[in-house]
Amino acid sequence: RLIKCTNDESKKTGGYKMLAKKFDIDPLEMKRAISFVGKIPDENQDKKSKKTLVSFYENAYDMNTILNTEFAPVQFAVDPIIPEGLGLCAGRPKAMKSWTMLYLAYCVQNGLDFMEKPVNQGDVLYLALEDNKRRMKDRVVKLGLDKSLQHPTIVDEAPYLNYGLEESIEEWTKEVLHPRLVIVDTLAKVKQQFDKSNTAYDKDNNLLRDIQKLAMKLSISIIMVSHLGKTQFDYSWDKIQGSTGMQGMTDFMWMLDRGDGDSKSASLHGRGRDIEDFEFALNWNKDTWQYEMDGELWLKQLKENRKEIVDAMFYFAHEKKQLEVKPSEIAKYLGASADKAKANIRKTMERMLKSNDLVAGKAYGTYAILSKLPSHSH
């Protein structure tokens with residue numbers, strides 16, 4: 001049972017579009033009406049590939065015209081971390097992604113700051129595809145959002161990507177006044193793959209191509225919620241489940257990473273075509289069911305690294321009676337075996353020397369704690 005969209009009058013074959021034309025019905029409505037019959041392939045899959053000759057010279061950009069054209073600025077749902085386009089928010093299981101996305105939906109719908117960043121108020125569609133009405137009510141009440149002036153559009157069912165999701169989102173944008181943000185929680189719930197021949201990279205490109213174009217066409221932000229894998233990679237963004245084709249197709253990416261167990265500490269990393277990279281340190285507030293900003297991640301890590309180094313220096317001073325210590329000795333004591341970790345410790349100790357948290361030892365390349373170093377020429 002396969003519904004085609006082919007319309008070839010010469011061969012007297014037709015699909016739902018020809019049927020819609022015959023009965024003077026909108027093709028999208030006809031497509032929805034007969035979707036119970038079976039799968040509806042992407043329209044492009046029904047067309048045989050043909051060679052195409054394109055004149056690059058005739059179709060090239062007229063750069064003089066472009067340079068003198070005033071284009072609308074990039075629209076942001078949350079400035080400067082959620083631009084228009086297709087985004088991916090990935091995190092480990094139970095990293096409170098859905099709580100964060102629900103809170104984001106209410107912030108944008110009501111014009112409330114999110115992560116201490118200004119929001120451009122607009123209508124929000126939240127596809128809570130892993131939840132139900134009871135759970136949604138519980139979360140909204142716990143977040144303290146039950147008295148909100150406006151509620152986003154929340155549904156718990158949606159078509160698959162390339163099988164009606166894009167058209168349904170576009171239809172929603174016509175039914176609200178100021179469409180701003182769409183959240184799909186989660187990508188796995190709308191990821192239906194019938195393509196068995198292509199590589200994972202090609203599949204992910206084909207999967208997200210149309211919805212990425214839709215986001216740019218409508219100047220709205222669409223966020224797909226996904227997961228991080230457990231495998232460690234040299235390039236941290238490769239922890240996002242899926243091929244690199246998924247990373248390449250999105251306009252921006254978030255990684256929400258929370259410690260194991262009952263850890264309150266978390267981090268939010270962002271990267272995109274129209275945003276600068278950012279790394280926020282977060283703390284989970286169990287009373288408000290929200291993440292709270294704890295400043296820039298690098299600054300927090302620097303403070304934590306400095307404390308570790310100072311503690312190690314006191315250990316050497318008290319237990320080893322060694323007042324002057326090399327960065328390599330600190331790295332070994334802290335269990336830092338990787339070259340990058342060793343280099344970070346050395347750089348941190350150099351910064352601590354400049355900020356007078358440490359002093360230079362008498363021996364070359366050594367450091368000491370100011371209060372523990374005997375008087376000398378330094």
# chains A, B, ... in the order shown; residues from 1 in each chain; ligands from 1
>>> residues_around(residues="Tyr160 in chain A", least_positions_apart="3", cutoff="7 Å", atoms="only C-alpha atoms", output="count of residues only")
6
>>> closest_residue(among="A:Lys97, A:Lys147, A:Lys239, A:Lys213", to="Asp251 in chain A", atoms="only C-alpha atoms")
A:Lys213
>>> residues_around(residues="Ile154 in chain A", least_positions_apart="5", cutoff="12 Å", atoms="only C-alpha atoms", output="list in words")
Met101, Leu102, Ala105, Tyr106, Gln109, Asp123, Val124, Leu125, Tyr126, Leu127, Ala128, Leu129, Asp131, Asn132, Lys133, Met136, Lys137, Val140, Trp172, Val182, Ile183, Val184 and Asp185 of chain A
>>> residues_around(residues="Leu161 in chain A", least_positions_apart="3", cutoff="12 Å", atoms="only C-alpha atoms", output="mmCIF file with all heavy atoms, in the first residue's frame")
data_model
loop_
_atom_site.group_PDB
_atom_site.id
_atom_site.type_symbol
_atom_site.label_atom_id
_atom_site.label_comp_id
_atom_site.auth_asym_id
_atom_site.auth_seq_id
_atom_site.Cartn_x
_atom_site.Cartn_y
_atom_site.Cartn_z
ATOM 1 N N ILE A 40 3.448 7.517 2.425
ATOM 2 C CA ILE A 40 3.464 8.540 1.385
ATOM 3 C C ILE A 40 4.909 8.964 1.177
ATOM 4 O O ILE A 40 5.466 9.691 1.996
ATOM 5 C CB ILE A 40 2.613 9.765 1.766
ATOM 6 C CG1 ILE A 40 1.179 9.326 2.102
ATOM 7 C CG2 ILE A 40 2.604 10.784 0.633
ATOM 8 C CD1 ILE A 40 0.283 10.459 2.522
ATOM 9 N N PRO A 41 5.574 8.508 0.115
ATOM 10 C CA PRO A 41 6.978 8.862 -0.099
ATOM 11 C C PRO A 41 7.148 10.351 -0.346
ATOM 12 O O PRO A 41 6.207 11.057 -0.709
ATOM 13 C CB PRO A 41 7.358 8.060 -1.352
ATOM 14 C CG PRO A 41 6.277 7.055 -1.527
ATOM 15 C CD PRO A 41 5.046 7.652 -0.938
ATOM 16 N N ASP A 42 8.369 10.804 -0.130
ATOM 17 C CA ASP A 42 8.684 12.185 -0.464
ATOM 18 C C ASP A 42 8.460 12.393 -1.958
ATOM 19 O O ASP A 42 8.724 11.502 -2.779
ATOM 20 C CB ASP A 42 10.146 12.464 -0.104
ATOM 21 C CG ASP A 42 10.566 13.875 -0.466
ATOM 22 O OD1 ASP A 42 9.831 14.808 -0.128
ATOM 23 O OD2 ASP A 42 11.629 14.029 -1.094
ATOM 24 N N ALA A 158 2.659 13.716 16.134
ATOM 25 C CA ALA A 158 3.079 14.464 14.950
ATOM 26 C C ALA A 158 3.451 13.485 13.844
ATOM 27 O O ALA A 158 3.845 12.344 14.122
ATOM 28 C CB ALA A 158 4.278 15.350 15.287
ATOM 29 N N GLY A 164 4.862 14.632 6.172
ATOM 30 C CA GLY A 164 3.788 15.499 6.635
ATOM 31 C C GLY A 164 4.171 16.457 7.749
ATOM 32 O O GLY A 164 3.429 17.408 8.021
ATOM 33 N N LEU A 165 5.311 16.227 8.414
ATOM 34 C CA LEU A 165 5.684 17.104 9.518
ATOM 35 C C LEU A 165 5.940 18.529 9.043
ATOM 36 O O LEU A 165 5.454 19.493 9.644
ATOM 37 C CB LEU A 165 6.935 16.574 10.239
ATOM 38 C CG LEU A 165 7.429 17.429 11.411
ATOM 39 C CD1 LEU A 165 6.366 17.528 12.503
ATOM 40 C CD2 LEU A 165 8.734 16.871 11.989
ATOM 41 N N GLU A 166 6.683 18.670 7.963
ATOM 42 C CA GLU A 166 7.010 20.002 7.460
ATOM 43 C C GLU A 166 5.743 20.768 7.061
ATOM 44 O O GLU A 166 5.592 21.958 7.405
ATOM 45 C CB GLU A 166 7.960 19.902 6.254
ATOM 46 C CG GLU A 166 9.317 19.312 6.581
ATOM 47 C CD GLU A 166 9.340 17.793 6.550
ATOM 48 O OE1 GLU A 166 8.250 17.175 6.418
ATOM 49 O OE2 GLU A 166 10.420 17.211 6.642
ATOM 50 N N GLU A 167 4.832 20.098 6.352
ATOM 51 C CA GLU A 167 3.592 20.756 5.938
ATOM 52 C C GLU A 167 2.730 21.126 7.146
ATOM 53 O O GLU A 167 2.092 22.189 7.161
ATOM 54 C CB GLU A 167 2.804 19.839 5.009
ATOM 55 C CG GLU A 167 3.447 19.582 3.646
ATOM 56 C CD GLU A 167 4.401 18.401 3.657
ATOM 57 O OE1 GLU A 167 4.808 17.952 4.752
ATOM 58 O OE2 GLU A 167 4.747 17.919 2.566
ATOM 59 N N SER A 168 2.737 20.263 8.167
ATOM 60 C CA SER A 168 1.938 20.542 9.360
ATOM 61 C C SER A 168 2.480 21.735 10.128
ATOM 62 O O SER A 168 1.713 22.551 10.654
ATOM 63 C CB SER A 168 1.905 19.297 10.263
ATOM 64 O OG SER A 168 1.330 18.199 9.589
ATOM 65 N N ILE A 169 3.810 21.850 10.188
ATOM 66 C CA ILE A 169 4.421 23.002 10.860
ATOM 67 C C ILE A 169 4.097 24.283 10.100
ATOM 68 O O ILE A 169 3.734 25.309 10.701
ATOM 69 C CB ILE A 169 5.948 22.818 10.978
ATOM 70 C CG1 ILE A 169 6.269 21.719 11.994
ATOM 71 C CG2 ILE A 169 6.623 24.124 11.391
ATOM 72 C CD1 ILE A 169 7.743 21.371 12.093
ATOM 73 N N VAL A 184 10.768 20.099 18.719
ATOM 74 C CA VAL A 184 10.388 18.710 18.457
ATOM 75 C C VAL A 184 11.109 17.836 19.474
ATOM 76 O O VAL A 184 12.325 17.657 19.415
ATOM 77 C CB VAL A 184 10.763 18.278 17.029
ATOM 78 C CG1 VAL A 184 10.327 16.837 16.780
ATOM 79 C CG2 VAL A 184 10.144 19.212 15.998
ATOM 80 N N THR A 186 11.005 14.166 20.822
ATOM 81 C CA THR A 186 12.378 14.172 20.373
ATOM 82 C C THR A 186 12.459 13.859 18.877
ATOM 83 O O THR A 186 11.487 13.416 18.264
ATOM 84 C CB THR A 186 13.208 13.108 21.120
ATOM 85 O OG1 THR A 186 12.637 11.818 20.780
ATOM 86 C CG2 THR A 186 13.173 13.291 22.602
ATOM 87 N N LEU A 187 13.677 14.033 18.329
ATOM 88 C CA LEU A 187 13.930 13.725 16.933
ATOM 89 C C LEU A 187 13.622 12.263 16.619
ATOM 90 O O LEU A 187 13.093 11.942 15.549
ATOM 91 C CB LEU A 187 15.397 14.041 16.599
ATOM 92 C CG LEU A 187 15.909 13.609 15.225
ATOM 93 C CD1 LEU A 187 15.121 14.277 14.120
ATOM 94 C CD2 LEU A 187 17.402 13.914 15.087
ATOM 95 N N ALA A 188 13.945 11.362 17.542
ATOM 96 C CA ALA A 188 13.726 9.935 17.307
ATOM 97 C C ALA A 188 12.262 9.614 17.021
ATOM 98 O O ALA A 188 11.956 8.664 16.297
ATOM 99 C CB ALA A 188 14.207 9.134 18.516
ATOM 100 N N LYS A 189 11.344 10.404 17.572
ATOM 101 C CA LYS A 189 9.920 10.146 17.401
ATOM 102 C C LYS A 189 9.407 10.532 16.014
ATOM 103 O O LYS A 189 8.298 10.141 15.629
ATOM 104 C CB LYS A 189 9.128 10.904 18.474
ATOM 105 C CG LYS A 189 9.294 10.335 19.880
ATOM 106 C CD LYS A 189 8.657 8.965 19.996
ATOM 107 C CE LYS A 189 8.703 8.443 21.413
ATOM 108 N NZ LYS A 189 8.043 7.126 21.549
ATOM 109 N N VAL A 190 10.155 11.332 15.278
ATOM 110 C CA VAL A 190 9.718 11.734 13.934
ATOM 111 C C VAL A 190 10.694 11.253 12.869
ATOM 112 O O VAL A 190 10.618 11.657 11.717
ATOM 113 C CB VAL A 190 9.557 13.272 13.834
ATOM 114 C CG1 VAL A 190 8.429 13.741 14.723
ATOM 115 C CG2 VAL A 190 10.857 13.994 14.178
ATOM 116 N N LYS A 191 11.619 10.396 13.272
ATOM 117 C CA LYS A 191 12.667 9.925 12.361
ATOM 118 C C LYS A 191 12.296 8.568 11.800
ATOM 119 O O LYS A 191 12.635 7.532 12.357
ATOM 120 C CB LYS A 191 14.004 9.847 13.111
ATOM 121 C CG LYS A 191 15.206 9.559 12.231
ATOM 122 C CD LYS A 191 16.476 9.564 13.064
ATOM 123 C CE LYS A 191 17.689 9.291 12.203
ATOM 124 N NZ LYS A 191 18.935 9.270 13.005
ATOM 125 N N GLN A 192 11.600 8.575 10.683
ATOM 126 C CA GLN A 192 11.186 7.337 10.032
ATOM 127 C C GLN A 192 12.026 7.153 8.789
ATOM 128 O O GLN A 192 11.975 7.971 7.867
ATOM 129 C CB GLN A 192 9.700 7.386 9.661
ATOM 130 C CG GLN A 192 9.191 6.116 9.021
ATOM 131 C CD GLN A 192 8.868 5.031 10.031
ATOM 132 O OE1 GLN A 192 9.373 5.067 11.139
ATOM 133 N NE2 GLN A 192 8.060 4.083 9.654
ATOM 134 N N GLN A 193 12.827 6.092 8.738
ATOM 135 C CA GLN A 193 13.721 5.876 7.613
ATOM 136 C C GLN A 193 13.249 4.707 6.754
ATOM 137 O O GLN A 193 13.136 3.580 7.237
ATOM 138 C CB GLN A 193 15.143 5.582 8.124
ATOM 139 C CG GLN A 193 15.855 6.810 8.664
ATOM 140 C CD GLN A 193 16.458 7.661 7.557
ATOM 141 O OE1 GLN A 193 16.075 7.529 6.388
ATOM 142 N NE2 GLN A 193 17.372 8.532 7.909
ATOM 143 N N PHE A 194 12.960 4.994 5.488
ATOM 144 C CA PHE A 194 12.631 3.940 4.535
ATOM 145 C C PHE A 194 13.754 3.752 3.514
ATOM 146 O O PHE A 194 13.704 2.868 2.680
ATOM 147 C CB PHE A 194 11.330 4.270 3.782
ATOM 148 C CG PHE A 194 10.147 4.400 4.699
ATOM 149 C CD1 PHE A 194 9.511 5.617 4.874
ATOM 150 C CD2 PHE A 194 9.686 3.314 5.407
ATOM 151 C CE1 PHE A 194 8.419 5.735 5.723
ATOM 152 C CE2 PHE A 194 8.595 3.421 6.255
ATOM 153 C CZ PHE A 194 7.965 4.627 6.412
ATOM 154 N N LYS A 203 21.485 9.671 4.595
ATOM 155 C CA LYS A 203 20.157 9.545 5.200
ATOM 156 C C LYS A 203 19.842 10.760 6.075
ATOM 157 O O LYS A 203 18.734 11.304 6.019
ATOM 158 C CB LYS A 203 20.080 8.271 6.029
ATOM 159 C CG LYS A 203 20.021 6.992 5.213
ATOM 160 C CD LYS A 203 19.988 5.777 6.125
ATOM 161 C CE LYS A 203 19.958 4.485 5.325
ATOM 162 N NZ LYS A 203 19.982 3.299 6.207
ATOM 163 N N ASP A 204 20.805 11.160 6.901
ATOM 164 C CA ASP A 204 20.573 12.305 7.790
ATOM 165 C C ASP A 204 20.413 13.595 7.007
ATOM 166 O O ASP A 204 19.611 14.460 7.367
ATOM 167 C CB ASP A 204 21.725 12.430 8.798
ATOM 168 C CG ASP A 204 21.659 11.366 9.877
ATOM 169 O OD1 ASP A 204 20.563 10.820 10.095
ATOM 170 O OD2 ASP A 204 22.693 11.070 10.507
ATOM 171 N N ASN A 205 21.169 13.733 5.908
ATOM 172 C CA ASN A 205 21.005 14.908 5.057
ATOM 173 C C ASN A 205 19.616 14.950 4.441
ATOM 174 O O ASN A 205 18.945 15.986 4.442
ATOM 175 C CB ASN A 205 22.070 14.907 3.953
ATOM 176 C CG ASN A 205 23.301 15.691 4.325
ATOM 177 O OD1 ASN A 205 23.323 16.913 4.234
ATOM 178 N ND2 ASN A 205 24.313 14.995 4.796
ATOM 179 N N ASN A 206 19.178 13.813 3.903
ATOM 180 C CA ASN A 206 17.848 13.743 3.292
ATOM 181 C C ASN A 206 16.746 13.943 4.321
ATOM 182 O O ASN A 206 15.707 14.534 4.037
ATOM 183 C CB ASN A 206 17.663 12.389 2.593
ATOM 184 C CG ASN A 206 18.568 12.232 1.388
ATOM 185 O OD1 ASN A 206 18.982 13.217 0.776
ATOM 186 N ND2 ASN A 206 18.905 10.996 1.057
ATOM 187 N N LEU A 207 16.992 13.449 5.535
ATOM 188 C CA LEU A 207 15.997 13.536 6.591
ATOM 189 C C LEU A 207 15.716 14.975 7.002
ATOM 190 O O LEU A 207 14.566 15.369 7.217
ATOM 191 C CB LEU A 207 16.472 12.732 7.805
ATOM 192 C CG LEU A 207 15.519 12.632 8.990
ATOM 193 C CD1 LEU A 207 14.355 11.706 8.651
ATOM 194 C CD2 LEU A 207 16.252 12.120 10.221
ATOM 195 N N LEU A 208 16.776 15.787 7.117
ATOM 196 C CA LEU A 208 16.639 17.130 7.675
ATOM 197 C C LEU A 208 16.634 18.243 6.634
ATOM 198 O O LEU A 208 16.417 19.403 6.980
ATOM 199 C CB LEU A 208 17.781 17.385 8.669
ATOM 200 C CG LEU A 208 17.869 16.437 9.869
ATOM 201 C CD1 LEU A 208 19.076 16.776 10.725
ATOM 202 C CD2 LEU A 208 16.597 16.494 10.699
ATOM 203 N N ARG A 209 16.855 17.883 5.381
ATOM 204 C CA ARG A 209 16.995 18.920 4.346
ATOM 205 C C ARG A 209 15.763 19.810 4.244
ATOM 206 O O ARG A 209 15.851 21.039 4.264
ATOM 207 C CB ARG A 209 17.266 18.246 2.991
ATOM 208 C CG ARG A 209 17.410 19.231 1.825
ATOM 209 C CD ARG A 209 17.597 18.510 0.505
ATOM 210 N NE ARG A 209 16.436 17.688 0.194
ATOM 211 C CZ ARG A 209 16.482 16.367 0.067
ATOM 212 N NH1 ARG A 209 17.633 15.729 0.228
ATOM 213 N NH2 ARG A 209 15.385 15.683 -0.216
ATOM 214 N N ASP A 210 14.582 19.204 4.148
ATOM 215 C CA ASP A 210 13.358 19.988 3.919
ATOM 216 C C ASP A 210 12.973 20.833 5.128
ATOM 217 O O ASP A 210 12.524 21.968 4.980
ATOM 218 C CB ASP A 210 12.207 19.056 3.535
ATOM 219 C CG ASP A 210 12.384 18.479 2.142
ATOM 220 O OD1 ASP A 210 13.225 18.994 1.387
ATOM 221 O OD2 ASP A 210 11.687 17.499 1.813
ATOM 222 N N ILE A 211 13.154 20.280 6.336
ATOM 223 C CA ILE A 211 12.749 21.049 7.515
ATOM 224 C C ILE A 211 13.729 22.192 7.768
ATOM 225 O O ILE A 211 13.349 23.244 8.276
ATOM 226 C CB ILE A 211 12.598 20.139 8.752
ATOM 227 C CG1 ILE A 211 11.744 20.861 9.806
ATOM 228 C CG2 ILE A 211 13.952 19.702 9.306
ATOM 229 C CD1 ILE A 211 11.200 19.950 10.882
ATOM 230 N N GLN A 212 14.986 22.007 7.364
ATOM 231 C CA GLN A 212 15.953 23.115 7.487
ATOM 232 C C GLN A 212 15.588 24.238 6.525
ATOM 233 O O GLN A 212 15.613 25.421 6.884
ATOM 234 C CB GLN A 212 17.372 22.597 7.214
ATOM 235 C CG GLN A 212 18.473 23.599 7.542
ATOM 236 C CD GLN A 212 18.822 24.531 6.386
ATOM 237 O OE1 GLN A 212 18.494 24.239 5.223
ATOM 238 N NE2 GLN A 212 19.466 25.646 6.695
ATOM 239 N N LEU A 214 12.619 24.857 5.427
ATOM 240 C CA LEU A 214 11.381 25.449 5.916
ATOM 241 C C LEU A 214 11.669 26.490 6.997
ATOM 242 O O LEU A 214 11.071 27.579 6.994
ATOM 243 C CB LEU A 214 10.457 24.360 6.469
ATOM 244 C CG LEU A 214 9.136 24.841 7.062
ATOM 245 C CD1 LEU A 214 8.246 25.422 5.970
ATOM 246 C CD2 LEU A 214 8.416 23.699 7.786
ATOM 247 N N MET A 224 15.359 20.445 17.320
ATOM 248 C CA MET A 224 15.159 19.008 17.463
ATOM 249 C C MET A 224 15.915 18.542 18.703
ATOM 250 O O MET A 224 17.116 18.800 18.834
ATOM 251 C CB MET A 224 15.705 18.269 16.231
ATOM 252 C CG MET A 224 15.003 18.606 14.937
ATOM 253 S SD MET A 224 13.450 17.702 14.820
ATOM 254 C CE MET A 224 12.885 18.232 13.202
#
>>> residues_around(residues="Ile369 in chain A", least_positions_apart="6", cutoff="10 Å", atoms="only C-alpha atoms", output="list in words")
Val310, Met313, Phe314, Ala317, Leu323, Glu324, Val325, Leu353, Asn356, Asp357, Leu358, Val359, Ala360 and Gly361 of chain A
>>> atom_distance(atom1="CA of Pro327 in chain A", atom2="CA of Trp237 in chain A")
29.6 Å
